[in-house]
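K.L.:
Below you'll find the structure I mean.
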Amino acid sequence: MPAPKLIPLVVATPVLLAIAGLFHPMDLTVDTAETWRTLHLALLPLFPLLAAGPLLLLRGITGPVAAVARLAAYLYAIGYTALDAIAGVAAGTVATTLPEGEEFETVEPQLHGLFDIGNLLGIAGAAAFLLCAAATSVALVQRYGRPAIAGGVVFVLGSVPFLFSHIYWPVGGVTLLVMAVGLGLLAWARSSNASAAPPV
């Protein structure tokens, strides 16, 4: 696939997530509950698509490193979608269903429980994504050589803060944009090195 076509496909999701992060409340409160829930509902189909970029770059590439990358992408999609559903949609829904006049503190124990399990699954998913980024980068360097090194380094470095940043700005948003740059550079390395490109 030519670089002009591949690059937008691999960078679209992290860029869209970075934009969504601009609207993400920093805390779940009575005032932010509806926005919190609505945003996370919208993000349900988007978070797993973050794994699509690496998978597109790995098309036609086989071997154990590529297999690890694909498995890690799958595990990321499970863990991070669970985070979104539990700490995002479920917690936001609980916070929006307070009876009139009831204090927010009455649902805080429930919210803490949801955040505890959601964050645990989210960290596992983000760790899997970091493994996916590293394995994808190694597989592409093995196939395309030096042209893929810069993109691989940027992609992996961008994936490290994702372990704790979610999509909150500024760290989360910048993290996603750095990921997008790394993915774009890897796509360029793959597409411009036609002699080493696998059949697709």
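FYI, nothing fancy with the structure tokens labels: chains A, B, ... in order, residues from 1 per chain, ligands from 1 as they appear.
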For the helix (DSSP H, G or I) assignment from backbone DSSP, which residues of region 84-115 of chain A qualify? Please present them as a PyMOL selection string.

P.N.:
chain A and resi 84-96+104-115

K.L.:
Can those selected residues be exported to a file as a CSV table (one decimal), in the first residue's frame so that it contains C-alpha atoms?

P.N.:
chain,number,residue,atom,x,y,z
A,84,ASP,CA,-13.6,2.3,29.2
A,85,ALA,CA,-16.7,0.3,29.9
A,86,ILE,CA,-16.2,0.0,33.7
A,87,ALA,CA,-14.5,3.2,34.9
A,88,GLY,CA,-16.0,5.3,32.0
A,89,VAL,CA,-19.5,4.2,31.1
A,90,ALA,CA,-20.5,2.3,34.3
A,91,ALA,CA,-19.0,4.8,36.7
A,92,GLY,CA,-20.4,7.7,34.8
A,93,THR,CA,-23.8,6.1,34.8
A,94,VAL,CA,-23.7,5.5,38.6
A,95,ALA,CA,-22.9,9.2,39.0
A,96,THR,CA,-25.7,10.4,36.8
A,104,PHE,CA,-22.3,12.7,45.6
A,105,GLU,CA,-20.5,11.1,48.6
A,106,THR,CA,-23.1,8.4,48.9
A,107,VAL,CA,-22.0,6.7,45.6
A,108,GLU,CA,-18.3,7.3,46.1
A,109,PRO,CA,-17.7,3.7,47.6
A,110,GLN,CA,-19.3,2.2,44.4
A,111,LEU,CA,-17.2,4.5,42.2
A,112,HIS,CA,-14.0,3.5,44.0
A,113,GLY,CA,-14.8,-0.1,43.4
A,114,LEU,CA,-15.4,0.5,39.7
A,115,PHE,CA,-12.3,2.6,39.3

K.L.:
Can you pull out the residues contacting Val181 (chain A)? Cut-off 8 Å, using only C-alpha atoms, and skip same-chain residues under 6 positions away; I want them as a PyMOL selection string.

P.N.:
chain A and resi 11+151+154-155

K.L.:
Residues of the last selection are to be written out with N, CA and C atoms, as a PDB file, in the first residue's frame.

P.N.:
ATOM      1  N   VAL A  11      -2.440   6.632  11.624  1.00  0.00           N
ATOM      2  CA  VAL A  11      -2.354   7.762  12.565  1.00  0.00           C
ATOM      3  C   VAL A  11      -3.725   8.284  12.980  1.00  0.00           C
ATOM      4  N   GLY A 151      11.041   5.416  13.438  1.00  0.00           N
ATOM      5  CA  GLY A 151       9.626   5.256  13.741  1.00  0.00           C
ATOM      6  C   GLY A 151       9.392   4.323  14.914  1.00  0.00           C
ATOM      7  N   VAL A 154      10.274   6.144  18.221  1.00  0.00           N
ATOM      8  CA  VAL A 154       9.251   7.136  18.574  1.00  0.00           C
ATOM      9  C   VAL A 154       7.967   6.450  19.028  1.00  0.00           C
ATOM     10  N   PHE A 155       7.571   5.395  18.351  1.00  0.00           N
ATOM     11  CA  PHE A 155       6.346   4.670  18.703  1.00  0.00           C
ATOM     12  C   PHE A 155       6.449   4.074  20.104  1.00  0.00           C
TER      13      PHE A 155
END

K.L.:
Can you list, as a PyMOL selection string, every protein, DNA or RNA residue that comes within 7 Å of region 62-78 of chain A when you count only C-alpha atoms, leaving out same-chain residues fewer than 2 positions away?

P.N.:
chain A and resi 48+51+55+58+60+80-82+125-126+128-129+131-132+135-136+139

K.L.:
For Trp36 (chain A), which of A:Ala20, A:Val141, A:Ala52, A:Val10 is the closest residue, counting only C-alpha atoms?

P.N.:
A:Ala20

K.L.:
Write out as a PDB file with C-alpha atoms, in the first residue's frame which residues come within 8 Å of Leu46 (chain A) when counting only C-alpha atoms, dropping same-chain ones fewer than 4 positions away.

P.N.:
ATOM      1  CA  THR A  13      -7.049   6.721  15.776  1.00  0.00           C
ATOM      2  CA  LEU A  17      -8.175   9.988  20.790  1.00  0.00           C
ATOM      3  CA  ALA A  42     -18.349   7.466  22.149  1.00  0.00           C
ATOM      4  CA  LEU A  50      -5.710   1.945  18.471  1.00  0.00           C
TER       5      LEU A  50
END

K.L.:
Closest to Ala180 (chain A) among A:Val15, A:Leu39, A:Leu57, A:Leu6, using only C-alpha atoms?

P.N.:
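Ranked by minimum distance to Ala180 (chain A), first place goes to A:Val15.
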
K.L.:
Out of A:Ala18, A:Ala150, A:Asp27, A:Leu49, which residue has the shortest atom-to-atom distance to Phe162 (chain A) when counting only C-alpha atoms?

P.N.:
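Closest to Phe162 (chain A) of all the choices is A:Ala18.
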
K.L.:
Measuring between only C-alpha atoms, which one of A:Pro14, A:Pro54, A:Pro45, A:Gly118 shows the shortest distance to Leu83 (chain A)?

P.N.:
A:Gly118
